[in-house]
Amino acid sequence: MSRFKQQDNLLGQSNSFLEVLEQISQVAPLSKPVLIIGERGTGKELVAARLHFLSKRWEQNYLKLNCAALNENLLETELFGYDSGAFTGANKRHEGRFERADKGTLFLDEIANTSGLIQEKLLRVVEYGEFERVGGSRTITTDVRLVAATNEDLPTLAASGQFRADLLDRLAFDVITLPPLRERLDDILMLAEHFAINMARELEFELFSGFTEKAKRSLLEYHWPGNIRELKNVVERSVYRGNTPNLPVHELIIDPFESPFRPSQSMRTQDRIKEVSANITTTTDNEYQDEAQLAATTKPISVKAAAKIVSQQFPQSLKSLSQDYEIELIQSALAHCQFNQKKTADALELTYHQLRGYLKKYNLLDGSINDEL
């Protein structure tokens, strides 16, 4: 892979973005850990790649892993590997990411979603460069430059005991905080044109004719909660839907779900609800049990919601209606808080663990709040 292949996607001319590029260039040559913080869609993975390809390790392996995509057991084996016979089905030795990334760089996204056990093992690797495979007894040494990313407030999590403070100290040799797109107004039109030209090439258009003044105003006035990833999707969708290479893009298709026929309700089968509840009550993790118990606490619904229920035809399932209301409210709060769990908990007047309990209860963790960037 070319040394600079991954860097071409980091475009911008705003002061806040140029300051980030300067910080990346300054810290990239070192082998110290770096923590990248930013909202979803701000380009954390691109920054991690740039750190690697501007370092002395650029010819070595660059591996990445989303910590939120795997449960604790799978994450442990994927990071640290396992020896033959470590568990049922482990017929041969498996080298983990730390072993395969030796002399290179390992990027761990969503680091805040790791458990206490994983954090303890990460601390040992960062501090001493040592670990043991799952089911193994031999100490393995590795020389890995660790880059981690999150969209959560790790110092606050550490202060409340939800993240190891000593691991945070080791990870935060330097912290790169990415500005959201709404703070990069000078970059929006540049990025939009870049994405539009690439989409026009993919569609085999002869040219891209630009944006009308109306479209440009819309690009600059929208708040972009999904940041650069959302901008890319909106621009590509608008070029594709317009399908007029000889005319500039006039209408932005920001919400692809907008339709007069869009369903207004979310339905879940009773089997699915029971399955989610069973997964919570049978877990052996005491912390998850506590969260599920907190989530089971009934909260009063609004007068508006009550009126909606009264207007229904009976018989009706009170439990099902209440669950639908809670799911809709939580999803709305997540979107309002840009899928930041701590802010969402505060907005709903819940503790962090209570919110996590609700998310597990209604199976909202997958896809709703686990964006990679």
# chains A, B, ... in the order shown; residues from 1 in each chain; ligands from 1
$ residues_around --residues "segment 61-73 of chain A" --least-positions-apart "4" --cutoff "8 Å" --atoms "only C-alpha atoms" --output "list in words"
Ala49, His52, Arg57, Thr77, Arg97, Arg100, Ala101, Asp102, Lys103, Gly104, Thr105, Leu106, Phe107, Leu108, Asp109, Glu110, Ile111, Asn113, Thr114, Ser115, Ile118, Asn370 and Glu372 of chain A
$ residues_around --residues "Thr212 of chain A" --least-positions-apart "6" --cutoff "9 Å" --atoms "only C-alpha atoms" --output "short mmCIF file (atom, residue, chain, number, x, y, z; two decimals) with N, CA and C atoms, in the first residue's frame"
data_model
loop_
_atom_site.label_atom_id
_atom_site.label_comp_id
_atom_site.auth_asym_id
_atom_site.auth_seq_id
_atom_site.Cartn_x
_atom_site.Cartn_y
_atom_site.Cartn_z
N PRO A 248 -26.35 21.51 -12.59
CA PRO A 248 -25.86 21.46 -11.21
C PRO A 248 -26.89 20.84 -10.28
N VAL A 249 -26.41 20.28 -9.19
CA VAL A 249 -27.29 19.69 -8.18
C VAL A 249 -28.08 20.82 -7.51
N HIS A 250 -29.41 20.68 -7.50
CA HIS A 250 -30.27 21.73 -6.94
C HIS A 250 -30.91 21.29 -5.62
N GLU A 251 -31.33 20.04 -5.54
CA GLU A 251 -32.00 19.53 -4.35
C GLU A 251 -31.11 18.54 -3.62
#
$ atom_distance --atom1 "atom CA of Ala159 of chain A" --atom2 "atom CA of Ala48 of chain A"
26.1 Å
$ select_by_dssp --residues "segment 10-184 of chain A" --states "helix (DSSP H, G or I)" --output "PyMOL selection string"
chain A and resi 15-27+44-53+67-69+72-80+97-100+111-113+116-128+154-159+165-171+181-183
$ closest_atom_pairs --of "segment 18-100 of chain A" --to "segment 167-181 of chain A" --cutoff "7 Å" --atoms "only C-alpha atoms" --output "Markdown table"
| residue | atom | partner | partner_atom | distance |
| --- | --- | --- | --- | --- |
| A:Val20 | CA | A:Ile176 | CA | 7.0 |
| A:Lys32 | CA | A:Phe173 | CA | 6.6 |
| A:Pro33 | CA | A:Leu171 | CA | 5.3 |
| A:Val34 | CA | A:Asp174 | CA | 5.2 |
| A:Leu35 | CA | A:Val175 | CA | 4.8 |
| A:Ile36 | CA | A:Ile176 | CA | 4.8 |
| A:Ile37 | CA | A:Thr177 | CA | 4.7 |
| A:Gly38 | CA | A:Leu178 | CA | 4.9 |
| A:Glu39 | CA | A:Pro180 | CA | 6.6 |
| A:Thr42 | CA | A:Pro180 | CA | 6.1 |
$ write_last_selection --atoms "N, CA and C atoms" --output "PDB file, in the first residue's frame"
ATOM      1  N   VAL A  20      -5.357  20.288  13.561  1.00  0.00           N
ATOM      2  CA  VAL A  20      -5.337  18.834  13.767  1.00  0.00           C
ATOM      3  C   VAL A  20      -4.258  18.189  12.901  1.00  0.00           C
ATOM      4  N   LYS A  32       4.685   6.482  20.622  1.00  0.00           N
ATOM      5  CA  LYS A  32       3.848   6.611  21.805  1.00  0.00           C
ATOM      6  C   LYS A  32       2.377   6.384  21.453  1.00  0.00           C
ATOM      7  N   PRO A  33       1.567   5.956  22.436  1.00  0.00           N
ATOM      8  CA  PRO A  33       0.128   5.805  22.197  1.00  0.00           C
ATOM      9  C   PRO A  33      -0.521   7.156  21.936  1.00  0.00           C
ATOM     10  N   VAL A  34      -1.575   7.142  21.145  1.00  0.00           N
ATOM     11  CA  VAL A  34      -2.330   8.355  20.851  1.00  0.00           C
ATOM     12  C   VAL A  34      -3.812   8.039  20.996  1.00  0.00           C
ATOM     13  N   LEU A  35      -4.553   8.965  21.598  1.00  0.00           N
ATOM     14  CA  LEU A  35      -5.995   8.819  21.760  1.00  0.00           C
ATOM     15  C   LEU A  35      -6.696   9.829  20.857  1.00  0.00           C
ATOM     16  N   ILE A  36      -7.605   9.336  20.026  1.00  0.00           N
ATOM     17  CA  ILE A  36      -8.362  10.191  19.107  1.00  0.00           C
ATOM     18  C   ILE A  36      -9.793  10.297  19.613  1.00  0.00           C
ATOM     19  N   ILE A  37     -10.264  11.517  19.811  1.00  0.00           N
ATOM     20  CA  ILE A  37     -11.615  11.742  20.316  1.00  0.00           C
ATOM     21  C   ILE A  37     -12.392  12.572  19.312  1.00  0.00           C
ATOM     22  N   GLY A  38     -13.609  12.165  19.027  1.00  0.00           N
ATOM     23  CA  GLY A  38     -14.435  12.920  18.094  1.00  0.00           C
ATOM     24  C   GLY A  38     -15.802  12.296  17.953  1.00  0.00           C
ATOM     25  N   GLU A  39     -16.762  13.084  17.492  1.00  0.00           N
ATOM     26  CA  GLU A  39     -18.102  12.582  17.253  1.00  0.00           C
ATOM     27  C   GLU A  39     -18.088  11.553  16.124  1.00  0.00           C
ATOM     28  N   THR A  42     -16.523  11.860  12.158  1.00  0.00           N
ATOM     29  CA  THR A  42     -15.564  12.961  12.019  1.00  0.00           C
ATOM     30  C   THR A  42     -14.247  12.521  11.394  1.00  0.00           C
TER      31      THR A  42
END
$ residues_around --residues "Ala196 of chain A" --least-positions-apart "3" --cutoff "7 Å" --atoms "only C-alpha atoms" --output "short mmCIF file (atom, residue, chain, number, x, y, z; two decimals) with all heavy atoms, in the first residue's frame"
data_model
loop_
_atom_site.label_atom_id
_atom_site.label_comp_id
_atom_site.auth_asym_id
_atom_site.auth_seq_id
_atom_site.Cartn_x
_atom_site.Cartn_y
_atom_site.Cartn_z
N ALA A 192 -17.90 18.58 -0.08
CA ALA A 192 -19.07 18.21 -0.88
C ALA A 192 -18.70 18.05 -2.35
O ALA A 192 -19.13 17.09 -3.02
CB ALA A 192 -20.16 19.26 -0.70
N GLU A 193 -17.91 18.97 -2.87
CA GLU A 193 -17.50 18.88 -4.27
C GLU A 193 -16.63 17.65 -4.51
O GLU A 193 -16.75 16.96 -5.53
CB GLU A 193 -16.75 20.14 -4.67
CG GLU A 193 -16.38 20.16 -6.15
CD GLU A 193 -15.77 21.49 -6.58
OE1 GLU A 193 -15.57 22.36 -5.71
OE2 GLU A 193 -15.49 21.63 -7.78
N MET A 199 -18.50 10.60 -7.02
CA MET A 199 -19.74 9.89 -7.33
C MET A 199 -20.06 10.01 -8.81
O MET A 199 -20.54 9.05 -9.44
CB MET A 199 -20.89 10.46 -6.49
CG MET A 199 -22.19 9.66 -6.61
SD MET A 199 -21.94 7.96 -6.01
CE MET A 199 -23.50 7.21 -6.50
N ALA A 200 -19.81 11.18 -9.40
CA ALA A 200 -20.04 11.35 -10.83
C ALA A 200 -19.17 10.40 -11.65
O ALA A 200 -19.62 9.84 -12.66
CB ALA A 200 -19.76 12.81 -11.23
N VAL A 235 -24.42 13.93 -0.28
CA VAL A 235 -23.95 14.41 -1.58
C VAL A 235 -24.03 13.30 -2.63
O VAL A 235 -24.53 13.52 -3.74
CB VAL A 235 -22.50 14.94 -1.45
CG1 VAL A 235 -21.90 15.19 -2.84
CG2 VAL A 235 -22.48 16.23 -0.63
N GLU A 236 -23.54 12.13 -2.29
CA GLU A 236 -23.57 11.03 -3.27
C GLU A 236 -25.00 10.68 -3.63
O GLU A 236 -25.32 10.42 -4.80
CB GLU A 236 -22.85 9.81 -2.69
CG GLU A 236 -21.34 10.00 -2.58
CD GLU A 236 -20.65 8.77 -2.04
OE1 GLU A 236 -21.33 7.88 -1.50
OE2 GLU A 236 -19.40 8.69 -2.17
N VAL A 239 -26.44 13.44 -5.99
CA VAL A 239 -25.91 13.34 -7.35
C VAL A 239 -26.57 12.17 -8.08
O VAL A 239 -26.98 12.28 -9.25
CB VAL A 239 -24.37 13.17 -7.33
CG1 VAL A 239 -23.84 12.87 -8.73
CG2 VAL A 239 -23.72 14.43 -6.77
#
$ residues_around --residues "Asp186 of chain A" --least-positions-apart "6" --cutoff "9 Å" --atoms "only C-alpha atoms" --output "MDAnalysis selection string"
chainID A and resid 12:15
$ write_last_selection --atoms "N, CA and C atoms" --output "PDB file, in the first residue's frame"
ATOM      1  N   GLY A  12      -9.374  19.629   3.884  1.00  0.00           N
ATOM      2  CA  GLY A  12      -9.919  20.766   4.603  1.00  0.00           C
ATOM      3  C   GLY A  12      -8.947  21.926   4.633  1.00  0.00           C
ATOM      4  N   GLN A  13      -9.509  23.114   4.885  1.00  0.00           N
ATOM      5  CA  GLN A  13      -8.680  24.305   4.950  1.00  0.00           C
ATOM      6  C   GLN A  13      -9.038  25.192   6.137  1.00  0.00           C
ATOM      7  N   SER A  14     -10.010  24.766   6.953  1.00  0.00           N
ATOM      8  CA  SER A  14     -10.382  25.548   8.131  1.00  0.00           C
ATOM      9  C   SER A  14      -9.256  25.506   9.148  1.00  0.00           C
ATOM     10  N   ASN A  15      -9.194  26.532   9.984  1.00  0.00           N
ATOM     11  CA  ASN A  15      -8.118  26.614  10.976  1.00  0.00           C
ATOM     12  C   ASN A  15      -8.143  25.438  11.942  1.00  0.00           C
TER      13      ASN A  15
END
$ closest_residue --among "A:Gly129, A:Leu157, A:Val144, A:Glu202" --to "Gln60 of chain A" --atoms "only C-alpha atoms"
A:Val144
$ residues_around --residues "Gly96 of chain A" --least-positions-apart "6" --cutoff "10 Å" --atoms "only C-alpha atoms" --output "short mmCIF file (atom, residue, chain, number, x, y, z; two decimals) with N, CA and C atoms, in the first residue's frame"
data_model
loop_
_atom_site.label_atom_id
_atom_site.label_comp_id
_atom_site.auth_asym_id
_atom_site.auth_seq_id
_atom_site.Cartn_x
_atom_site.Cartn_y
_atom_site.Cartn_z
N LEU A 75 -13.56 -10.50 21.91
CA LEU A 75 -12.60 -9.41 21.83
C LEU A 75 -11.27 -9.81 22.43
N GLU A 76 -11.31 -10.53 23.55
CA GLU A 76 -10.07 -10.97 24.20
C GLU A 76 -9.28 -11.90 23.28
N THR A 77 -9.95 -12.86 22.66
CA THR A 77 -9.23 -13.80 21.78
C THR A 77 -8.76 -13.10 20.51
N GLU A 78 -9.52 -12.12 20.02
CA GLU A 78 -9.11 -11.43 18.81
C GLU A 78 -7.92 -10.52 19.06
N LEU A 79 -7.84 -9.94 20.25
CA LEU A 79 -6.72 -9.06 20.57
C LEU A 79 -5.47 -9.84 20.94
N PHE A 80 -5.64 -10.85 21.78
CA PHE A 80 -4.48 -11.53 22.37
C PHE A 80 -4.27 -12.94 21.85
N GLY A 81 -5.19 -13.46 21.04
CA GLY A 81 -5.02 -14.81 20.50
C GLY A 81 -5.34 -15.88 21.53
N TYR A 82 -5.18 -17.14 21.12
CA TYR A 82 -5.41 -18.25 22.05
C TYR A 82 -4.56 -19.44 21.64
N ARG A 133 -1.48 -15.35 25.54
CA ARG A 133 -2.65 -15.80 24.80
C ARG A 133 -3.68 -16.41 25.75
N VAL A 134 -4.94 -16.39 25.36
CA VAL A 134 -5.98 -17.03 26.15
C VAL A 134 -5.68 -18.53 26.23
#
$ atom_distance --atom1 "atom CA of Pro29 of chain A" --atom2 "atom CA of Ser55 of chain A"
4.4 Å
